[in-house]
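Inspection log for the structure reproduced underneath, given as structure tokens.
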Amino acid sequence: MATAVPRLRPVPAPESPTFLTPEQLAELFTVPLETVYQWRRKRTGPPGFRVGRHLRYDLAAVLAWVAEQTENTGAA
């Protein structure tokens with residue numbers, strides 16, 4: 001009788017890029033999903049890109065955008 005081997009999910013390497021969905025971005029900033037889409041339409045939010053028909057956000061670019069926003073507003 002064979003023992004079932006649990007399936008393990010691969011863990012991304014620390015240096016691998018992390019991409020967020022619009023839903024994850026909205027959750028990260030605790031804003032409605034529609035706000036994320038408005039940022040994209042108005043070109044005021046973090047830069048996003050398409051993978052086929054799917055919208056994604058590079059976490060490094062999102063963090064850079066946040067840093068830029070805090071510099072521009074003088075917030076700490």
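Each chain in the structure tokens gets a letter, A, B, ..., in the order shown, and its residues are numbered from 1; ligands are numbered from 1 in order too.
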
All alpha helix (DSSP H) positions in chain A, as a ChimeraX atom specification: /A:22-29,33-42,59-73

Produce a file of the selected residues containing N, CA, C and O atoms, as a short mmCIF file (atom, residue, chain, number, x, y, z; two decimals), in the first residue's frame.
```cif
data_model
loop_
_atom_site.label_atom_id
_atom_site.label_comp_id
_atom_site.auth_asym_id
_atom_site.auth_seq_id
_atom_site.Cartn_x
_atom_site.Cartn_y
_atom_site.Cartn_z
N PRO A 22 -4.67 43.26 -9.16
CA PRO A 22 -5.35 44.47 -8.68
C PRO A 22 -6.04 44.25 -7.32
O PRO A 22 -6.03 45.14 -6.47
N GLU A 23 -6.57 43.06 -7.10
CA GLU A 23 -7.21 42.76 -5.83
C GLU A 23 -6.21 42.81 -4.68
O GLU A 23 -6.51 43.33 -3.61
N GLN A 24 -5.02 42.25 -4.91
CA GLN A 24 -3.98 42.27 -3.87
C GLN A 24 -3.50 43.69 -3.61
O GLN A 24 -3.23 44.05 -2.46
N LEU A 25 -3.41 44.50 -4.67
CA LEU A 25 -2.98 45.89 -4.49
C LEU A 25 -4.02 46.66 -3.68
O LEU A 25 -3.66 47.41 -2.76
N ALA A 26 -5.28 46.45 -3.98
CA ALA A 26 -6.35 47.10 -3.22
C ALA A 26 -6.30 46.68 -1.76
O ALA A 26 -6.44 47.51 -0.85
N GLU A 27 -6.04 45.42 -1.52
CA GLU A 27 -5.94 44.91 -0.14
C GLU A 27 -4.72 45.51 0.57
O GLU A 27 -4.79 45.87 1.74
N LEU A 28 -3.62 45.62 -0.15
CA LEU A 28 -2.40 46.18 0.42
C LEU A 28 -2.62 47.60 0.92
O LEU A 28 -2.17 47.97 2.00
N PHE A 29 -3.34 48.41 0.12
CA PHE A 29 -3.59 49.80 0.48
C PHE A 29 -4.92 50.01 1.21
O PHE A 29 -5.26 51.14 1.53
N LEU A 33 -11.40 48.13 -4.74
CA LEU A 33 -10.82 47.68 -6.01
C LEU A 33 -11.03 48.73 -7.10
O LEU A 33 -10.14 48.97 -7.92
N GLU A 34 -12.18 49.38 -7.10
CA GLU A 34 -12.47 50.40 -8.10
C GLU A 34 -11.45 51.54 -8.03
O GLU A 34 -11.11 52.13 -9.06
N THR A 35 -10.92 51.84 -6.86
CA THR A 35 -9.90 52.88 -6.72
C THR A 35 -8.64 52.51 -7.48
O THR A 35 -8.04 53.35 -8.16
N VAL A 36 -8.25 51.26 -7.42
CA VAL A 36 -7.07 50.79 -8.16
C VAL A 36 -7.29 50.98 -9.66
O VAL A 36 -6.40 51.47 -10.37
N TYR A 37 -8.49 50.64 -10.13
CA TYR A 37 -8.78 50.81 -11.56
C TYR A 37 -8.83 52.29 -11.95
O TYR A 37 -8.40 52.66 -13.04
N GLN A 38 -9.33 53.14 -11.05
CA GLN A 38 -9.35 54.58 -11.33
C GLN A 38 -7.93 55.13 -11.41
O GLN A 38 -7.61 55.95 -12.28
N TRP A 39 -7.06 54.68 -10.51
CA TRP A 39 -5.65 55.11 -10.56
C TRP A 39 -5.06 54.77 -11.92
O TRP A 39 -4.33 55.55 -12.50
N ARG A 40 -5.38 53.57 -12.41
CA ARG A 40 -4.82 53.15 -13.70
C ARG A 40 -5.38 54.00 -14.84
O ARG A 40 -4.62 54.44 -15.70
N ARG A 41 -6.69 54.24 -14.84
CA ARG A 41 -7.30 55.06 -15.90
C ARG A 41 -6.75 56.48 -15.89
O ARG A 41 -6.50 57.06 -16.94
N LYS A 42 -6.56 57.04 -14.69
CA LYS A 42 -6.09 58.42 -14.56
C LYS A 42 -4.57 58.53 -14.60
O LYS A 42 -4.02 59.62 -14.57
N LEU A 59 5.79 44.47 -7.39
CA LEU A 59 5.87 44.95 -6.02
C LEU A 59 6.97 45.97 -5.84
O LEU A 59 6.79 46.98 -5.14
N ALA A 60 8.11 45.79 -6.49
CA ALA A 60 9.22 46.75 -6.38
C ALA A 60 8.80 48.11 -6.93
O ALA A 60 9.10 49.16 -6.35
N ALA A 61 8.06 48.12 -8.05
CA ALA A 61 7.58 49.38 -8.64
C ALA A 61 6.53 50.03 -7.74
O ALA A 61 6.49 51.25 -7.61
N VAL A 62 5.70 49.21 -7.11
CA VAL A 62 4.69 49.74 -6.18
C VAL A 62 5.38 50.42 -5.00
O VAL A 62 5.02 51.53 -4.60
N LEU A 63 6.39 49.76 -4.44
CA LEU A 63 7.11 50.34 -3.30
C LEU A 63 7.85 51.61 -3.70
O LEU A 63 7.90 52.58 -2.93
N ALA A 64 8.39 51.65 -4.91
CA ALA A 64 9.06 52.86 -5.40
C ALA A 64 8.03 53.98 -5.57
O ALA A 64 8.31 55.14 -5.25
N TRP A 65 6.84 53.66 -6.05
CA TRP A 65 5.78 54.64 -6.20
C TRP A 65 5.37 55.20 -4.84
O TRP A 65 5.17 56.40 -4.70
N VAL A 66 5.26 54.34 -3.85
CA VAL A 66 4.93 54.79 -2.49
C VAL A 66 6.00 55.74 -1.97
O VAL A 66 5.69 56.80 -1.42
N ALA A 67 7.27 55.41 -2.18
CA ALA A 67 8.37 56.26 -1.73
C ALA A 67 8.30 57.62 -2.43
O ALA A 67 8.50 58.67 -1.81
N GLU A 68 7.99 57.61 -3.73
CA GLU A 68 7.86 58.85 -4.49
C GLU A 68 6.70 59.69 -3.96
O GLU A 68 6.82 60.91 -3.83
N GLN A 69 5.60 59.04 -3.62
CA GLN A 69 4.43 59.77 -3.09
C GLN A 69 4.76 60.41 -1.76
O GLN A 69 4.36 61.55 -1.50
N THR A 70 5.49 59.71 -0.91
CA THR A 70 5.82 60.27 0.41
C THR A 70 6.82 61.41 0.28
O THR A 70 6.77 62.36 1.05
N GLU A 71 7.70 61.35 -0.73
CA GLU A 71 8.64 62.45 -0.96
C GLU A 71 7.89 63.67 -1.47
O GLU A 71 8.18 64.80 -1.05
N ASN A 72 6.96 63.46 -2.38
CA ASN A 72 6.21 64.58 -2.99
C ASN A 72 5.30 65.27 -1.99
O ASN A 72 5.06 66.46 -2.11
N THR A 73 4.77 64.53 -1.03
CA THR A 73 3.84 65.13 -0.07
C THR A 73 4.54 65.56 1.21
O THR A 73 3.93 66.22 2.04
#
```

When DSSP is applied to the backbone of this structure, which of chain A are assigned strand (DSSP E or B)? Write them out as a PyMOL selection string. chain A and resi 19-20+48-51+54-58

One number please: CA of Pro46 (chain A) to CA of Thr30 (chain A), in Å, one decimal. 14.8 Å
